[in-house]
Amino acid sequence: NQLYDPFADAAFDDIVRGFFRPVRGERNGAARQQSFAIDVTESDKSYMVHAEIPGVTKDEIQVTVEGNQVTISAEVKRNKEAREGERALHVERYVGTLFRSFTLPTELDETASEARFENGVLELKLAKKPAVAGRKLTVQ
């Protein structure tokens with residue numbers, strides 16, 4: 001007899017990973033934009049997101065919060081001009097748009113949220129919107 005391990009179940013894994021799966025994918029056969037790694041933690045009042053985005057400046061990063069959806073994009077630029085007498089033998093470094101969009105379980109308060117970028121890591125403190133209590137209706 002084997003014990004059931006819910007974490008070994010692929011369906012369970014898909015449910016958990018579904019929260020952080022990119023919302024936008026390939027369209028019309030176009031290549032997907034490059035993504036980057038994120039860590040998300042939660043407290044009672046906020047979510048903390050740490051995103052590794054090397055090779056960009058804070059001015060090249062854009063963060064958008066709409067409801068419970070977060071979109072992070074950054075434009076990676078490299079100096080493509082070779083110096084005189086030099087030619088590229090091997091190029092792996094990505095140039096273009098880095099993109100990640102994900103949905104969190106709770107609606108966010110963008111006015112109370114903060115973003116910092118230091119040493120290639122973007123840190124977002126995303127405040128949760130307080131739950132609104134339901135209103136009882138008087139039956140006439």
# chains A, B, ... in the order shown; residues from 1 in each chain; ligands from 1
>>> residues_around(residues="Lys45 (chain A)", least_positions_apart="4", cutoff="10 Å", atoms="only C-alpha atoms", output="count of residues only")
7
>>> residues_around(residues="region 48-63 of chain A", least_positions_apart="6", cutoff="7 Å", atoms="only C-alpha atoms", output="MDAnalysis selection string")
chainID A and resid 36:42 71:76 117 120:126
>>> residues_around(residues="Glu66 (chain A)", least_positions_apart="6", cutoff="10 Å", atoms="only C-alpha atoms", output="PyMOL selection string")
chain A and resi 103+107-110
>>> write_last_selection(atoms="all heavy atoms", output="PDB file, in the first residue's frame")
ATOM      1  N   THR A 103      -2.018  36.328 -12.051  1.00  0.00           N
ATOM      2  CA  THR A 103      -3.207  36.690 -11.287  1.00  0.00           C
ATOM      3  C   THR A 103      -3.052  36.179  -9.863  1.00  0.00           C
ATOM      4  O   THR A 103      -2.659  35.042  -9.647  1.00  0.00           O
ATOM      5  CB  THR A 103      -4.461  36.068 -11.930  1.00  0.00           C
ATOM      6  OG1 THR A 103      -4.544  36.519 -13.280  1.00  0.00           O
ATOM      7  CG2 THR A 103      -5.716  36.473 -11.197  1.00  0.00           C
ATOM      8  N   GLU A 107      -7.982  40.806  -4.742  1.00  0.00           N
ATOM      9  CA  GLU A 107      -7.866  42.087  -5.441  1.00  0.00           C
ATOM     10  C   GLU A 107      -6.846  42.973  -4.725  1.00  0.00           C
ATOM     11  O   GLU A 107      -6.730  42.935  -3.503  1.00  0.00           O
ATOM     12  CB  GLU A 107      -9.229  42.777  -5.508  1.00  0.00           C
ATOM     13  CG  GLU A 107      -9.304  43.774  -6.630  1.00  0.00           C
ATOM     14  CD  GLU A 107     -10.732  44.180  -6.949  1.00  0.00           C
ATOM     15  OE1 GLU A 107     -11.624  43.332  -6.905  1.00  0.00           O
ATOM     16  OE2 GLU A 107     -10.914  45.370  -7.242  1.00  0.00           O
ATOM     17  N   LEU A 108      -6.112  43.769  -5.506  1.00  0.00           N
ATOM     18  CA  LEU A 108      -5.014  44.567  -4.974  1.00  0.00           C
ATOM     19  C   LEU A 108      -5.356  46.049  -4.916  1.00  0.00           C
ATOM     20  O   LEU A 108      -6.119  46.555  -5.730  1.00  0.00           O
ATOM     21  CB  LEU A 108      -3.772  44.359  -5.842  1.00  0.00           C
ATOM     22  CG  LEU A 108      -3.332  42.907  -5.999  1.00  0.00           C
ATOM     23  CD1 LEU A 108      -2.286  42.783  -7.092  1.00  0.00           C
ATOM     24  CD2 LEU A 108      -2.827  42.357  -4.687  1.00  0.00           C
ATOM     25  N   ASP A 109      -4.760  46.738  -3.950  1.00  0.00           N
ATOM     26  CA  ASP A 109      -4.905  48.182  -3.810  1.00  0.00           C
ATOM     27  C   ASP A 109      -3.644  48.826  -4.375  1.00  0.00           C
ATOM     28  O   ASP A 109      -2.620  48.922  -3.694  1.00  0.00           O
ATOM     29  CB  ASP A 109      -5.092  48.543  -2.337  1.00  0.00           C
ATOM     30  CG  ASP A 109      -5.309  50.031  -2.125  1.00  0.00           C
ATOM     31  OD1 ASP A 109      -5.222  50.808  -3.106  1.00  0.00           O
ATOM     32  OD2 ASP A 109      -5.564  50.437  -0.976  1.00  0.00           O
ATOM     33  N   GLU A 110      -3.714  49.241  -5.643  1.00  0.00           N
ATOM     34  CA  GLU A 110      -2.519  49.778  -6.306  1.00  0.00           C
ATOM     35  C   GLU A 110      -2.019  51.072  -5.673  1.00  0.00           C
ATOM     36  O   GLU A 110      -0.834  51.376  -5.729  1.00  0.00           O
ATOM     37  CB  GLU A 110      -2.734  49.953  -7.815  1.00  0.00           C
ATOM     38  CG  GLU A 110      -3.782  50.950  -8.223  1.00  0.00           C
ATOM     39  CD  GLU A 110      -5.204  50.379  -8.239  1.00  0.00           C
ATOM     40  OE1 GLU A 110      -5.408  49.203  -7.931  1.00  0.00           O
ATOM     41  OE2 GLU A 110      -6.118  51.159  -8.553  1.00  0.00           O
TER      42      GLU A 110
END
